[in-house]
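Accompanying notes for the structure given below.
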Amino acid sequence: MNSFAEENYLKAIFKLLEKGNRKVYTNAIAEKVDTAPASVTDMLKKLSAKKLIHYEKYQGVSLTPNGKKTALQVIRKHRLWEYFLVQKLKFKWDEVHDIAEQLEHIHSDMLIQKLDRFLNYPKADPHGDPIPDENGRIEVQQSVPLSELKSDHKAIITGVIDHSPLFLKHIEKTGLSLGKELHIREKFSYDLSCRVNIKPSKAIIHISHDVAKNILVRLKK
């Protein structure tokens, strides 16, 4: 059985690799898990000895099949618990990350199978991130950042990139949430901000480029 720290490292490496990198390096992992590079090197040696990662000094890190499987199991549990906390216990979407970080390390396949069934097999967590199925398969949505849209484009919010409570609270206050339909009324060339109509209401808000690049949308034809 892997320790909580080992699972957190595998999850961090998976998420870094998910961005399209073939390998990731010590400094990027250190930033992701918020620790010193020397501590990361020690952990990488342990994970390599357990055959969970491919690691050579200065050559970068990738996951072995077992390492990827473990990372996906942790991510699956995290996202299922977030869904449960929001949908069943009525937590807000900015309150659940830290709690799910603790719950994701419960080692009971039966519990997670029953939780998934109880929730009717959700495909995405409250932030729009896809939930891996019990075999580690992920149904990826075709989404783009809102910042890439142009004037008169219409889209539906499918997720967020920034999961920080500060960001989630901010966009919720502006009336934005998953499933909301947006109509880009105007895109400003000066600062790349945009003026957006939130449907079905007639509310029009101004969204900065920094906010728009952290909101994922699906284009609506």
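Here, A, B, ... name the chains of the structure tokens in the order displayed, residue numbers run from 1 inside each chain, and ligands are numbered from 1 in the same displayed order.
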Using DSSP on the backbone coordinates, identify the residues of region 18-186 of chain A assigned to helix (DSSP H, G or I); present them as a PyMOL selection string. chain A and resi 26-33+37-49+65-87+97-103+109-118+146-148+165-173
Near Asn2 (chain A), counting only C-alpha atoms, which residues have an atom at most 12 Å away, once you skip same-chain residues fewer than 4 positions from it, shown as a list in words?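 With the cut-off at 12 Å, the set is Glu6, Glu7, Asn8, Tyr9, Leu10, Met43, Lys46, Leu47, Lys50, Lys51, Leu52, Asn66, Gly67, Thr70, Ala71, Val74, His105, Ile106 and His107 of chain A.
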Can you pull out the residues contacting Glu172 (chain A)? Cut-off 12 Å, using only C-alpha atoms, and skip same-chain residues under 5 positions away; I want them as a list in words.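 Final neighbour list, sorted by chain and number: Lys92, Trp93, Asp94, His127, Val160, Pro165, Leu166, Phe167, Ser177, Leu178, Lys180, Val211 and Ile215 of chain A.
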Counting only C-alpha atoms, which residue out of A:Asn197, A:Gln87, A:Ser108, A:Ser143 sits closest to Arg185 (chain A)?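 Closest to Arg185 (chain A), using only C-alpha atoms: A:Asn197.
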Nearest-residue call for His170 (chain A), choices A:Ala5, A:His183, A:Gln59, A:Ser208, using only C-alpha atoms: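 Checking each candidate against His170 (chain A), we get A:Ser208 as the closest.
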Atomic distance CA of Ser39 (chain A) - CA of Lys77 (chain A), expressed in Å with one decimal: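 Atom-to-atom, CA of Ser39 (chain A) to CA of Lys77 (chain A), that is 25.9 Å.
Distances here use only C-alpha atoms; by that measure, the residue among A:Ile171, A:Ile156, A:Ile53, A:Ile112 closest to Pro132 (chain A) is A:Ile112.
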Residues near Arg76 (chain A), anyone? I mean within 12 Å using only C-alpha atoms, not counting same-chain ones fewer than 4 positions away, as a PyMOL selection string. chain A and resi 11+69-72+80-83+100-101+103-106+109+112-113+115-116+121-125+129-138
Store the residues picked out above in a file with C-alpha atoms, as a PDB file, in the first residue's frame.
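Result written to out-v9.pdb:
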```
ATOM      1  CA  LYS A  11      -1.217  12.456  -8.824  1.00  0.00           C
ATOM      2  CA  LYS A  69      -3.161   3.342 -12.560  1.00  0.00           C
ATOM      3  CA  THR A  70      -2.545   4.478  -8.976  1.00  0.00           C
ATOM      4  CA  ALA A  71      -2.682   8.171  -9.939  1.00  0.00           C
ATOM      5  CA  LEU A  72      -5.984   7.680 -11.772  1.00  0.00           C
ATOM      6  CA  LEU A  80     -16.217  11.416  -6.711  1.00  0.00           C
ATOM      7  CA  TRP A  81     -15.919  12.757  -3.157  1.00  0.00           C
ATOM      8  CA  GLU A  82     -16.128  16.355  -4.422  1.00  0.00           C
ATOM      9  CA  TYR A  83     -19.291  15.470  -6.341  1.00  0.00           C
ATOM     10  CA  ALA A 100     -11.580  15.563  -0.809  1.00  0.00           C
ATOM     11  CA  GLU A 101      -7.775  15.672  -0.456  1.00  0.00           C
ATOM     12  CA  LEU A 103     -10.925  11.371   1.576  1.00  0.00           C
ATOM     13  CA  GLU A 104      -9.060  10.410  -1.609  1.00  0.00           C
ATOM     14  CA  HIS A 105      -6.602   8.314   0.408  1.00  0.00           C
ATOM     15  CA  ILE A 106      -9.192   5.886   1.799  1.00  0.00           C
ATOM     16  CA  ASP A 109     -12.412  -0.331  -3.602  1.00  0.00           C
ATOM     17  CA  ILE A 112     -15.693   3.771  -4.033  1.00  0.00           C
ATOM     18  CA  GLN A 113     -17.703   1.365  -6.206  1.00  0.00           C
ATOM     19  CA  LEU A 115     -20.205   5.623  -3.865  1.00  0.00           C
ATOM     20  CA  ASP A 116     -20.070   5.750  -7.678  1.00  0.00           C
ATOM     21  CA  TYR A 121     -22.009   7.266 -12.132  1.00  0.00           C
ATOM     22  CA  PRO A 122     -21.293  10.986 -12.628  1.00  0.00           C
ATOM     23  CA  LYS A 123     -19.028  11.914 -15.541  1.00  0.00           C
ATOM     24  CA  ALA A 124     -17.575  15.127 -14.078  1.00  0.00           C
ATOM     25  CA  ASP A 125     -16.908  16.703 -10.692  1.00  0.00           C
ATOM     26  CA  ASP A 129     -13.147  17.863 -14.419  1.00  0.00           C
ATOM     27  CA  PRO A 130     -13.856  14.391 -15.865  1.00  0.00           C
ATOM     28  CA  ILE A 131     -14.133  11.520 -13.382  1.00  0.00           C
ATOM     29  CA  PRO A 132     -12.153   8.409 -14.413  1.00  0.00           C
ATOM     30  CA  ASP A 133     -14.253   5.219 -14.427  1.00  0.00           C
ATOM     31  CA  GLU A 134     -13.224   2.162 -12.415  1.00  0.00           C
ATOM     32  CA  ASN A 135     -10.944   1.079 -15.286  1.00  0.00           C
ATOM     33  CA  GLY A 136      -9.185   4.448 -15.411  1.00  0.00           C
ATOM     34  CA  ARG A 137     -10.851   5.619 -18.618  1.00  0.00           C
ATOM     35  CA  ILE A 138     -11.533   9.348 -18.883  1.00  0.00           C
TER      36      ILE A 138
END
```
